[in-house]
$ cat entry16.cif   # mmCIF, C-alpha atoms
data_start
#
loop_
_atom_site.label_atom_id
_atom_site.label_comp_id
_atom_site.auth_asym_id
_atom_site.auth_seq_id
_atom_site.Cartn_x
_atom_site.Cartn_y
_atom_site.Cartn_z
CA MET A 1 113.57 217.41 96.40
CA MET A 2 116.85 216.21 94.90
CA ARG A 3 118.46 216.65 98.29
CA LEU A 4 115.86 214.48 99.99
CA ALA A 5 116.22 211.75 97.35
CA LEU A 6 119.98 211.75 97.87
CA TRP A 7 119.54 211.53 101.61
CA LEU A 8 117.18 208.60 101.20
CA LEU A 9 119.55 206.82 98.84
CA GLY A 10 122.38 207.33 101.31
CA ALA A 11 120.26 206.00 104.16
CA LEU A 12 119.33 202.95 102.12
CA LEU A 13 122.95 202.21 101.20
CA LEU A 14 124.11 202.65 104.76
CA GLY A 15 121.17 200.52 105.92
CA GLY A 16 122.29 197.80 103.55
CA ILE A 17 125.79 197.90 105.03
CA VAL A 18 124.43 197.74 108.57
CA HIS A 19 122.24 194.81 107.53
CA LEU A 20 125.12 192.82 106.01
CA ALA A 21 127.46 193.63 108.89
CA THR A 22 124.97 192.50 111.53
CA VAL A 23 124.14 189.27 109.66
CA LEU A 24 127.83 188.43 109.30
CA MET A 25 128.77 189.40 112.85
CA LEU A 26 125.87 187.79 114.64
CA PRO A 27 127.34 184.26 114.76
CA THR A 28 130.47 185.51 116.58
CA LEU A 29 128.46 187.66 118.97
CA ALA A 30 125.65 185.24 119.79
CA SER A 31 125.84 184.20 123.43
CA GLN A 32 123.14 181.54 123.28
CA ASP A 33 124.24 179.58 120.22
CA ALA A 34 124.49 175.80 120.32
CA TYR A 35 128.19 175.85 121.29
CA ALA A 36 127.47 178.15 124.24
CA ARG A 37 124.52 176.03 125.33
CA VAL A 38 126.60 172.84 125.21
CA SER A 39 129.53 174.55 126.96
CA ALA A 40 127.27 175.15 129.95
CA ILE A 41 126.97 171.38 130.54
CA ALA A 42 130.06 169.87 128.92
CA PRO A 43 133.68 169.89 130.15
CA VAL A 44 136.49 170.09 127.59
CA ASN A 45 137.74 166.94 125.80
CA ALA A 46 135.34 164.51 127.47
CA VAL A 47 132.16 162.78 126.37
CA ILE A 48 129.09 163.77 128.30
CA ALA A 49 125.44 162.71 127.86
CA VAL A 50 123.02 165.44 126.83
CA PRO A 51 119.72 165.21 128.72
CA PRO A 52 116.86 164.19 126.38
CA PRO A 53 114.60 167.09 125.37
CA THR A 54 111.28 167.48 127.19
CA PRO A 55 108.51 170.04 126.68
CA GLU A 56 109.79 171.89 129.75
CA LYS A 57 113.48 171.80 129.10
CA ALA A 58 115.89 171.18 126.24
CA VAL A 59 119.54 172.10 125.78
CA MET A 60 118.81 173.22 122.21
CA PRO A 61 115.64 173.85 120.20
CA PHE A 62 114.56 171.32 117.54
CA MET A 63 116.39 168.36 119.11
CA ASP A 64 115.20 164.99 117.77
CA PRO A 65 113.64 163.18 120.78
CA ALA A 66 114.07 159.80 119.05
CA PHE A 67 117.82 159.91 119.73
CA ALA A 68 120.09 159.44 122.70
CA MET A 69 122.80 162.08 122.40
CA SER A 70 126.24 162.76 123.84
CA VAL A 71 128.72 165.51 123.06
CA CYS A 72 132.44 166.09 123.27
CA ARG A 73 133.36 169.76 123.39
CA TYR A 74 136.88 169.62 122.02
CA ASP A 75 139.90 171.84 122.23
CA LEU A 76 142.80 170.84 119.96
CA SER A 77 145.16 173.64 121.06
CA ARG A 78 147.22 171.17 123.13
CA GLY A 79 147.19 168.39 120.54
CA ALA A 80 145.07 166.00 118.51
CA LEU A 81 142.24 163.90 119.92
CA LYS A 82 141.38 160.23 119.59
CA PHE A 83 137.68 159.56 119.28
CA SER A 84 135.81 156.26 119.34
CA VAL A 85 132.28 155.00 119.86
CA PRO A 86 130.88 151.47 119.48
CA ILE A 87 127.85 151.43 117.17
CA SER A 88 124.44 150.77 118.67
CA GLN A 89 121.86 148.30 117.36
CA ALA A 90 119.88 150.68 115.16
CA TYR A 91 121.68 153.74 113.84
CA THR A 92 124.63 155.72 115.15
CA SER A 93 126.06 158.93 113.77
CA VAL A 94 128.93 161.22 114.68
CA SER A 95 128.73 164.85 113.53
CA PHE A 96 131.43 167.50 113.79
CA TYR A 97 130.73 171.20 114.25
CA THR A 98 133.10 174.17 114.31
CA ARG A 99 133.17 176.74 117.11
CA SER A 100 130.50 178.64 115.13
CA ASP A 101 128.19 175.60 114.79
CA VAL A 102 128.99 174.86 111.15
CA ALA A 103 128.63 171.13 110.38
CA TYR A 104 131.85 170.23 108.56
CA TYR A 105 131.83 166.45 108.73
CA ALA A 106 129.46 163.64 109.67
CA ILE A 107 129.76 159.88 109.50
CA ASN A 108 127.30 157.11 110.31
CA ASP A 109 127.73 153.47 111.31
CA ARG A 110 127.20 152.16 107.77
CA ALA A 111 129.78 154.52 106.28
CA ALA A 112 132.23 153.53 109.02
CA GLY A 113 131.65 149.89 108.08
CA ARG A 114 132.73 148.33 111.38
CA ARG A 115 131.56 147.78 114.93
CA VAL A 116 133.39 150.83 116.25
CA ILE A 117 133.61 154.29 114.74
CA GLU A 118 137.21 155.31 115.39
CA LEU A 119 139.02 158.41 114.24
CA ASP A 120 141.64 161.04 114.97
CA LEU A 121 140.62 164.67 115.12
CA MET A 122 143.24 167.34 114.48
CA THR A 123 143.76 170.78 113.01
CA ALA A 124 145.25 171.22 109.54
CA ALA A 125 148.58 172.27 111.11
CA GLN A 126 148.71 169.17 113.32
CA ARG A 127 147.97 166.99 110.32
CA ALA A 128 150.78 168.59 108.35
CA ASP A 129 153.11 167.84 111.26
CA LEU A 130 152.36 164.10 111.19
CA PRO A 131 155.57 162.14 110.53
CA GLU A 132 155.70 160.59 107.05
CA ASN A 133 155.75 156.97 108.22
CA GLU A 134 152.68 157.58 110.32
CA GLU A 135 150.81 158.71 107.24
CA ILE A 136 151.60 155.33 105.67
CA THR A 137 150.41 153.25 108.59
CA ALA A 138 147.44 155.56 108.75
CA ALA A 139 145.86 154.09 105.62
CA ASP A 140 143.54 152.25 107.95
CA ARG A 141 143.00 155.24 110.17
CA LEU A 142 140.35 157.88 109.65
CA ILE A 143 141.66 161.40 110.16
CA VAL A 144 139.21 164.28 110.45
CA THR A 145 140.58 167.80 110.08
CA SER A 146 138.87 170.50 112.12
CA PRO A 147 138.78 173.99 110.59
CA THR A 148 138.79 175.52 114.10
CA SER A 149 140.78 174.49 117.17
CA THR A 150 137.60 174.23 119.24
CA GLY A 151 134.23 172.76 118.34
CA LEU A 152 131.73 170.02 119.06
CA ILE A 153 131.50 166.31 118.32
CA VAL A 154 127.88 165.20 118.56
CA ILE A 155 127.29 161.48 118.94
CA ARG A 156 123.76 160.23 118.42
CA ALA A 157 122.18 156.79 118.66
CA LEU A 158 118.65 156.22 117.40
CA VAL A 159 116.02 154.69 119.66
CA PRO A 160 113.64 153.42 116.95
CA GLU A 161 111.26 151.73 119.39
CA ASP A 162 110.65 151.71 123.12
CA GLY A 163 112.98 149.21 124.71
CA TRP A 164 115.96 150.14 122.56
CA LEU A 165 116.95 153.03 124.80
CA ALA A 166 119.28 150.98 127.00
CA SER A 167 121.26 149.73 123.99
CA ALA A 168 121.58 153.25 122.58
CA ARG A 169 122.65 154.69 125.92
CA SER A 170 125.22 151.99 126.60
CA ALA A 171 126.82 152.52 123.18
CA LEU A 172 127.10 156.24 123.89
CA ALA A 173 128.36 155.64 127.41
CA ALA A 174 131.33 153.77 125.92
CA ALA A 175 132.27 156.70 123.65
CA GLN A 176 135.70 158.19 124.22
CA CYS A 177 137.26 161.48 123.26
CA ARG A 178 140.71 162.09 124.70
CA PRO A 179 144.04 163.69 123.88
CA GLN A 180 146.54 161.41 122.16
CA MET B 1 122.14 207.99 110.25
CA GLY B 2 119.30 206.91 112.48
CA VAL B 3 117.21 205.99 109.46
CA ALA B 4 120.08 203.90 108.06
CA ALA B 5 120.54 202.05 111.33
CA ALA B 6 116.82 201.40 111.53
CA ILE B 7 116.71 200.04 107.98
CA GLY B 8 119.76 197.85 108.53
CA LEU B 9 118.77 196.41 111.88
CA GLY B 10 115.13 196.12 110.85
CA THR B 11 115.90 194.07 107.75
CA THR B 12 118.32 191.88 109.74
CA TRP B 13 115.67 191.24 112.36
CA ILE B 14 113.05 190.40 109.74
CA ALA B 15 115.42 188.13 107.80
CA LEU B 16 116.39 186.19 110.92
CA THR B 17 113.00 185.84 112.55
CA ARG B 18 110.91 185.10 109.46
CA GLY B 19 113.08 182.17 108.49
CA ILE B 20 114.30 183.61 105.20
CA ALA B 21 117.14 181.42 103.99
CA TYR B 22 118.50 180.56 100.59
CA GLY B 23 119.00 177.21 98.94
CA GLY B 24 115.87 175.54 100.27
CA VAL B 25 114.31 172.52 98.58
CA THR B 26 110.51 172.69 98.77
CA ILE B 27 108.48 169.56 98.06
CA GLY B 28 104.76 169.94 98.74
CA ALA B 29 104.34 171.48 102.18
CA TRP B 30 107.89 170.53 103.19
CA THR B 31 111.11 172.53 102.93
CA ALA B 32 114.64 171.40 103.71
CA TRP B 33 117.92 173.31 103.63
CA PRO B 34 120.44 170.50 102.97
CA LYS B 35 123.25 173.05 102.58
CA ASN B 36 122.83 174.06 106.23
CA GLY B 37 124.44 170.75 107.16
CA THR B 38 127.61 171.56 105.20
CA PRO B 39 130.42 174.16 105.40
CA GLY B 40 128.57 175.87 102.49
CA ILE B 41 125.82 177.14 104.84
CA ASP B 42 124.74 180.65 103.82
CA PRO B 43 125.34 183.59 106.20
CA TYR B 44 121.63 184.10 106.86
CA ALA B 45 121.06 180.51 107.92
CA LYS B 46 124.22 180.67 110.04
CA ALA B 47 123.08 183.85 111.78
CA MET B 48 119.61 182.38 112.28
CA MET B 49 121.01 179.24 113.93
CA ALA B 50 123.31 181.33 116.12
CA ARG B 51 120.26 183.24 117.30
CA THR B 52 118.00 180.23 117.94
CA GLY B 53 120.77 177.98 119.31
CA GLU B 54 119.99 174.95 117.21
CA LEU B 55 122.48 172.63 115.52
CA PRO B 56 121.86 171.70 111.87
CA VAL B 57 121.74 168.02 110.89
CA GLY B 58 125.11 167.20 109.30
CA SER B 59 124.84 166.23 105.65
CA GLY B 60 126.57 162.86 106.24
CA ASP B 61 123.97 162.13 108.90
CA GLY B 62 120.66 163.12 107.33
CA VAL B 63 118.37 165.90 106.23
CA ALA B 64 115.46 167.67 107.97
CA PHE B 65 112.27 168.78 106.21
CA TYR B 66 110.12 171.41 107.95
CA ALA B 67 106.39 172.05 107.46
CA ARG B 68 104.59 175.03 109.01
CA GLU B 69 101.57 174.90 106.69
CA ASP B 70 99.49 172.15 105.08
CA ASP B 71 99.28 171.50 101.33
CA ALA B 72 96.57 174.19 100.99
CA GLY B 73 98.86 176.78 102.60
CA GLN B 74 96.99 176.96 105.89
CA VAL B 75 99.06 177.28 109.06
CA LEU B 76 99.20 174.01 111.03
CA ASP B 77 96.75 174.44 113.91
CA GLY B 78 96.81 172.05 116.88
CA ARG B 79 93.06 172.42 117.36
CA CYS B 80 92.40 170.76 114.00
CA ASP B 81 93.03 167.26 112.68
CA VAL B 82 95.70 167.05 110.00
CA LEU B 83 96.25 163.89 107.99
CA VAL B 84 99.82 163.05 107.01
CA SER B 85 99.61 160.41 104.30
CA GLY B 86 101.75 158.81 101.67
CA ILE B 87 105.33 157.62 101.60
CA THR B 88 108.71 159.09 102.46
CA PRO B 89 111.89 159.33 100.38
CA GLN B 90 114.44 156.55 100.57
CA ALA B 91 116.17 156.50 103.94
CA ARG B 92 117.35 153.90 106.44
CA PHE B 93 115.29 155.53 109.18
CA TRP B 94 113.08 158.57 109.51
CA THR B 95 111.50 160.43 112.39
CA LEU B 96 108.51 162.75 112.45
CA THR B 97 108.40 165.25 115.34
CA LEU B 98 105.97 167.95 116.42
CA TYR B 99 107.35 171.19 117.90
CA ASP B 100 105.95 174.58 118.81
CA PRO B 101 107.18 177.42 116.53
CA GLN B 102 110.19 178.00 118.83
CA GLY B 103 111.33 174.39 118.49
CA ARG B 104 110.17 173.15 121.89
CA LEU B 105 108.42 169.81 122.24
CA VAL B 106 104.71 170.06 123.03
CA ALA B 107 103.37 168.56 126.25
CA ASN B 108 100.48 166.08 125.97
CA SER B 109 98.90 163.33 128.05
CA MET B 110 100.52 160.57 125.94
CA GLN B 111 104.01 162.06 126.26
CA ARG B 112 104.35 161.34 122.57
CA GLN B 113 106.13 163.97 120.51
CA GLY B 114 106.72 162.03 117.35
CA PHE B 115 107.14 158.74 115.54
CA THR B 116 110.06 156.84 114.10
CA SER B 117 109.76 154.86 110.86
CA GLN B 118 109.61 151.69 112.95
CA GLN B 119 106.72 152.76 115.16
CA ILE B 120 104.29 153.40 112.31
CA ILE B 121 101.46 151.06 111.35
CA ARG B 122 101.58 150.80 107.55
CA LYS B 123 99.13 149.74 104.87
CA SER B 124 99.86 146.70 102.71
CA ASP B 125 101.47 148.91 100.01
CA GLY B 126 103.90 150.41 102.51
CA SER B 127 102.21 153.81 102.68
CA PHE B 128 100.92 155.21 105.97
CA ASP B 129 98.36 157.59 107.46
CA ILE B 130 99.16 159.58 110.59
CA VAL B 131 96.48 161.74 112.18
CA ILE B 132 97.80 164.77 114.02
CA GLY B 133 95.13 166.26 116.23
CA PRO B 134 94.00 167.20 119.72
CA ARG B 135 91.85 164.10 120.38
CA ALA B 136 92.87 160.44 120.57
CA ARG B 137 92.50 158.34 117.42
CA PRO B 138 93.00 154.67 116.69
CA GLY B 139 96.01 153.91 114.49
CA ASN B 140 98.86 156.37 114.15
CA TRP B 141 97.87 159.36 116.26
CA LEU B 142 100.21 162.21 117.10
CA PRO B 143 98.73 164.46 119.80
CA THR B 144 99.01 168.25 119.42
CA GLY B 145 98.19 169.14 123.01
CA GLY B 146 95.79 171.68 121.50
CA VAL B 147 98.51 174.27 120.72
CA GLU B 148 97.57 177.03 118.34
CA LYS B 149 100.51 176.65 115.97
CA TYR B 150 103.01 173.91 115.46
CA VAL B 151 105.84 172.83 113.17
CA LEU B 152 106.36 169.31 111.82
CA VAL B 153 109.89 168.11 111.17
CA LEU B 154 110.48 164.98 109.08
CA ARG B 155 114.11 163.89 109.38
CA LEU B 156 115.61 161.32 107.02
CA TYR B 157 118.69 159.49 108.24
CA ASP B 158 121.23 157.73 106.04
CA THR B 159 119.56 158.93 102.87
CA PRO B 160 120.59 159.79 99.31
CA ILE B 161 118.41 162.94 99.61
CA GLY B 162 120.65 165.96 100.02
CA VAL B 163 122.21 168.98 98.40
CA ALA B 164 121.59 167.61 94.88
CA THR B 165 117.88 166.89 95.42
CA ARG B 166 115.53 169.20 93.53
CA THR B 167 112.13 167.63 92.89
CA GLY B 168 109.39 165.56 94.45
CA ARG B 169 110.05 162.73 92.02
CA GLU B 170 113.39 162.10 93.71
CA ALA B 171 111.91 162.71 97.13
CA PRO B 172 108.22 161.80 97.46
CA MET B 173 107.06 163.57 100.62
CA PRO B 174 103.80 162.73 102.42
CA ALA B 175 100.75 164.94 101.81
CA LEU B 176 99.43 167.18 104.60
CA SER B 177 95.68 167.74 104.51
CA LYS B 178 93.48 169.50 107.03
CA ARG B 179 90.40 167.74 108.36
CA ALA B 180 87.83 168.73 110.98
CA CYS B 181 88.57 171.40 113.59
CA GLN B 182 87.43 171.39 117.17
#
$ encode --input "entry16.cif" --output "structure tokens"
Amino acid sequence: MMRLALWLLGALLLGGIVHLATVLMLPTLASQDAYARVSAIAPVNAVIAVPPPTPEKAVMPFMDPAFAMSVCRYDLSRGALKFSVPISQAYTSVSFYTRSDVAYYAINDRAAGRRVIELDLMTAAQRADLPENEEITAADRLIVTSPTSTGLIVIRALVPEDGWLASARSALAAAQCRPQ
Amino acid sequence: MGVAAAIGLGTTWIALTRGIAYGGVTIGAWTAWPKNGTPGIDPYAKAMMARTGELPVGSGDGVAFYAREDDAGQVLDGRCDVLVSGITPQARFWTLTLYDPQGRLVANSMQRQGFTSQQIIRKSDGSFDIVIGPRARPGNWLPTGGVEKYVLVLRLYDTPIGVATRTGREAPMPALSKRACQ
């Protein structure tokens, strides 16, 4: 009896370890996560439009159909990136995700406070390497630090009513994401 | 050994498919996980997103509230009429979208999968009624395409609602009430 109870306890403990290990490892093993899905359509360090979701086909589940969306799949291993997008008429946002789809920064048109959302994206090491005088002139410059050297920039423009689609699309079409 | 593996993998599977995640804010029938849009996302939510392939709404962008049941706790059924009524929390824009449980849009003759805050016809006090159902209605009608189960997602953009929000007084969410079924 005692033996069986001990066996059960052992199995439960081991089960708990397996459970935690699988939960923690799954994000690195997943082959159909958002980054992988975007990688299938997006080249590196370039802005590309994501097709709008339809009942038949969508790049990712739970996409908001009220938005026009573009992505830049970035790779900072060769250096920092310059990113810019003109804001559209209604609402524009730029969200940053790590290689494992963690949202680490997002900014919208109102927070940017100007007609163009402009920023530099770099790793912590690249930021530390910035020359001193550049830091001073950079007071006006928004620098976003990426926790991983690869990741996604998602640019979205709201289409609040029919007829606003063209404006949203043209703002996104002018978005740029290129090495410095 | 086999038992341990079964327990471990079984609980992982259940946790990731049943949508168990910590740090949710539930207001009426709606639940949001504002922390999922930050680097503070919990490991369960992270694993769940890796499995489904979705991207969370970044916290500087907005917040998404999900409803799978109405206010009475009944699963949202596309063969019934459901009335969404009331007001939404403060936000520059919001969108309401209908998905199947896997997060796909639902086909219907109107090709309408949701509303934005600007497409809604409101009452004089600013509140609104939206009927979600299989058959056409005058006013704000969101077709269900007759699907058995669906999920409603109300997304608030440029909003003070976020990680610090706890109660319905800060975030008044619309009521979800079931009406006639087909």
$ resolve_selection --input "entry16.cif" --expression "the PyMOL selection byres ((chain A) within 7 of (chain B))" --output "MDAnalysis selection string"
chainID A and resid 11:12 14:19 22:24 26:27 30 32:34 54:55 60:62 93 95 101:108 160:161
$ atom_distance --input "entry16.cif" --atom1 "CA of Ser100 (chain A)" --atom2 "CA of Asp75 (chain A)"
13.6 Å
$ resolve_selection --input "entry16.cif" --expression "the PyMOL selection byres ((chain B and resi 126) around 12)" --output "ChimeraX atom specification"
/B:85-88,117-118,120-125,127-129
$ resolve_selection --input "entry16.cif" --expression "the PyMOL selection byres ((chain A and resi 78) around 10)" --output "ChimeraX atom specification"
/A:75-77,79-81,149,179-180
$ residues_near_point --input "entry16.cif" --point "(99.8, 164.4, 108.8)" --cutoff "7 Å" --atoms "all atoms listed in the file" --output "list in words"
Val82, Leu83, Val84, Ser85, Ile130, Val131, Ile132, Leu176 and Ser177 of chain B
$ atom_distance --input "entry16.cif" --atom1 "CA of Leu142 (chain A)" --atom2 "CA of Arg99 (chain A)"
21.5 Å
$ closest_residue --input "entry16.cif" --among "A:Ile117, A:Ile87, A:Ala66, A:Arg73" --to "Arg141 (chain A)" --atoms "all atoms listed in the file"
A:Ile117
$ atom_distance --input "entry16.cif" --atom1 "CA of Phe67 (chain A)" --atom2 "CA of Thr123 (chain A)"
28.9 Å
$ closest_residue --input "entry16.cif" --among "A:Thr28, A:Asn45, A:Ser70, A:Ser39" --to "Val94 (chain A)" --atoms "only C-alpha atoms"
A:Ser70
$ closest_residue --input "entry16.cif" --among "A:Asp120, A:Asp64, A:Tyr97, A:Val59" --to "Ala40 (chain A)" --atoms "all atoms listed in the file"
A:Val59
$ closest_residue --input "entry16.cif" --among "B:Gly73, B:Pro134, B:Pro89, B:Gly139" --to "Glu170 (chain B)" --atoms "all atoms listed in the file"
B:Pro89
$ closest_residue --input "entry16.cif" --among "A:Ser146, A:Thr98, A:Ser84, A:Thr92" --to "Val116 (chain A)" --atoms "all atoms listed in the file"
A:Ser84
$ residues_around --input "entry16.cif" --residues "Ile27 (chain B)" --least-positions-apart "6" --cutoff "8 Å" --atoms "only C-alpha atoms" --output "list of chain:residue names"
B:Thr167, B:Gly168, B:Ala171, B:Pro172, B:Met173
$ decode --input "entry16.cif" --residues "region 26-76 of chain A" --atoms "C-alpha atoms" --output "PDB file, in the first residue's frame"
ATOM      1  CA  LEU A  26       6.549  24.874 -26.449  1.00  0.00           C
ATOM      2  CA  PRO A  27       7.145  28.453 -27.650  1.00  0.00           C
ATOM      3  CA  THR A  28      10.628  27.555 -28.946  1.00  0.00           C
ATOM      4  CA  LEU A  29       9.421  24.347 -30.570  1.00  0.00           C
ATOM      5  CA  ALA A  30       6.200  25.609 -32.142  1.00  0.00           C
ATOM      6  CA  SER A  31       6.470  25.522 -35.919  1.00  0.00           C
ATOM      7  CA  GLN A  32       3.211  27.332 -36.650  1.00  0.00           C
ATOM      8  CA  ASP A  33       3.540  30.329 -34.347  1.00  0.00           C
ATOM      9  CA  ALA A  34       2.889  33.841 -35.619  1.00  0.00           C
ATOM     10  CA  TYR A  35       6.573  34.437 -36.482  1.00  0.00           C
ATOM     11  CA  ALA A  36       6.693  31.255 -38.563  1.00  0.00           C
ATOM     12  CA  ARG A  37       3.434  32.131 -40.301  1.00  0.00           C
ATOM     13  CA  VAL A  38       4.673  35.626 -41.164  1.00  0.00           C
ATOM     14  CA  SER A  39       8.074  34.276 -42.254  1.00  0.00           C
ATOM     15  CA  ALA A  40       6.306  32.254 -44.930  1.00  0.00           C
ATOM     16  CA  ILE A  41       5.179  35.459 -46.677  1.00  0.00           C
ATOM     17  CA  ALA A  42       7.663  38.122 -45.576  1.00  0.00           C
ATOM     18  CA  PRO A  43      11.276  38.647 -46.692  1.00  0.00           C
ATOM     19  CA  VAL A  44      13.811  39.949 -44.159  1.00  0.00           C
ATOM     20  CA  ASN A  45      14.108  43.695 -43.434  1.00  0.00           C
ATOM     21  CA  ALA A  46      11.369  44.824 -45.818  1.00  0.00           C
ATOM     22  CA  VAL A  47       7.777  45.942 -45.354  1.00  0.00           C
ATOM     23  CA  ILE A  48       5.215  43.671 -46.912  1.00  0.00           C
ATOM     24  CA  ALA A  49       1.396  43.851 -46.876  1.00  0.00           C
ATOM     25  CA  VAL A  50      -0.391  41.032 -45.071  1.00  0.00           C
ATOM     26  CA  PRO A  51      -3.466  39.849 -46.978  1.00  0.00           C
ATOM     27  CA  PRO A  52      -6.682  40.762 -45.121  1.00  0.00           C
ATOM     28  CA  PRO A  53      -8.273  37.821 -43.278  1.00  0.00           C
ATOM     29  CA  THR A  54     -11.230  36.080 -44.922  1.00  0.00           C
ATOM     30  CA  PRO A  55     -13.351  33.173 -43.670  1.00  0.00           C
ATOM     31  CA  GLU A  56     -11.397  30.872 -45.995  1.00  0.00           C
ATOM     32  CA  LYS A  57      -7.901  32.088 -45.349  1.00  0.00           C
ATOM     33  CA  ALA A  58      -5.978  34.128 -42.802  1.00  0.00           C
ATOM     34  CA  VAL A  59      -2.277  34.347 -42.032  1.00  0.00           C
ATOM     35  CA  MET A  60      -3.041  34.199 -38.300  1.00  0.00           C
ATOM     36  CA  PRO A  61      -6.147  33.429 -36.230  1.00  0.00           C
ATOM     37  CA  PHE A  62      -8.025  36.275 -34.514  1.00  0.00           C
ATOM     38  CA  MET A  63      -6.816  38.997 -36.909  1.00  0.00           C
ATOM     39  CA  ASP A  64      -8.890  42.191 -36.713  1.00  0.00           C
ATOM     40  CA  PRO A  65     -10.550  42.555 -40.153  1.00  0.00           C
ATOM     41  CA  ALA A  66     -11.098  46.294 -39.569  1.00  0.00           C
ATOM     42  CA  PHE A  67      -7.382  46.937 -40.137  1.00  0.00           C
ATOM     43  CA  ALA A  68      -5.019  47.053 -43.076  1.00  0.00           C
ATOM     44  CA  MET A  69      -1.800  45.404 -41.929  1.00  0.00           C
ATOM     45  CA  SER A  70       1.816  45.218 -43.029  1.00  0.00           C
ATOM     46  CA  VAL A  71       4.799  43.553 -41.402  1.00  0.00           C
ATOM     47  CA  CYS A  72       8.544  43.901 -41.367  1.00  0.00           C
ATOM     48  CA  ARG A  73      10.322  40.724 -40.317  1.00  0.00           C
ATOM     49  CA  TYR A  74      13.563  42.151 -39.020  1.00  0.00           C
ATOM     50  CA  ASP A  75      17.038  40.812 -38.482  1.00  0.00           C
ATOM     51  CA  LEU A  76      19.398  43.147 -36.605  1.00  0.00           C
TER      52      LEU A  76
END
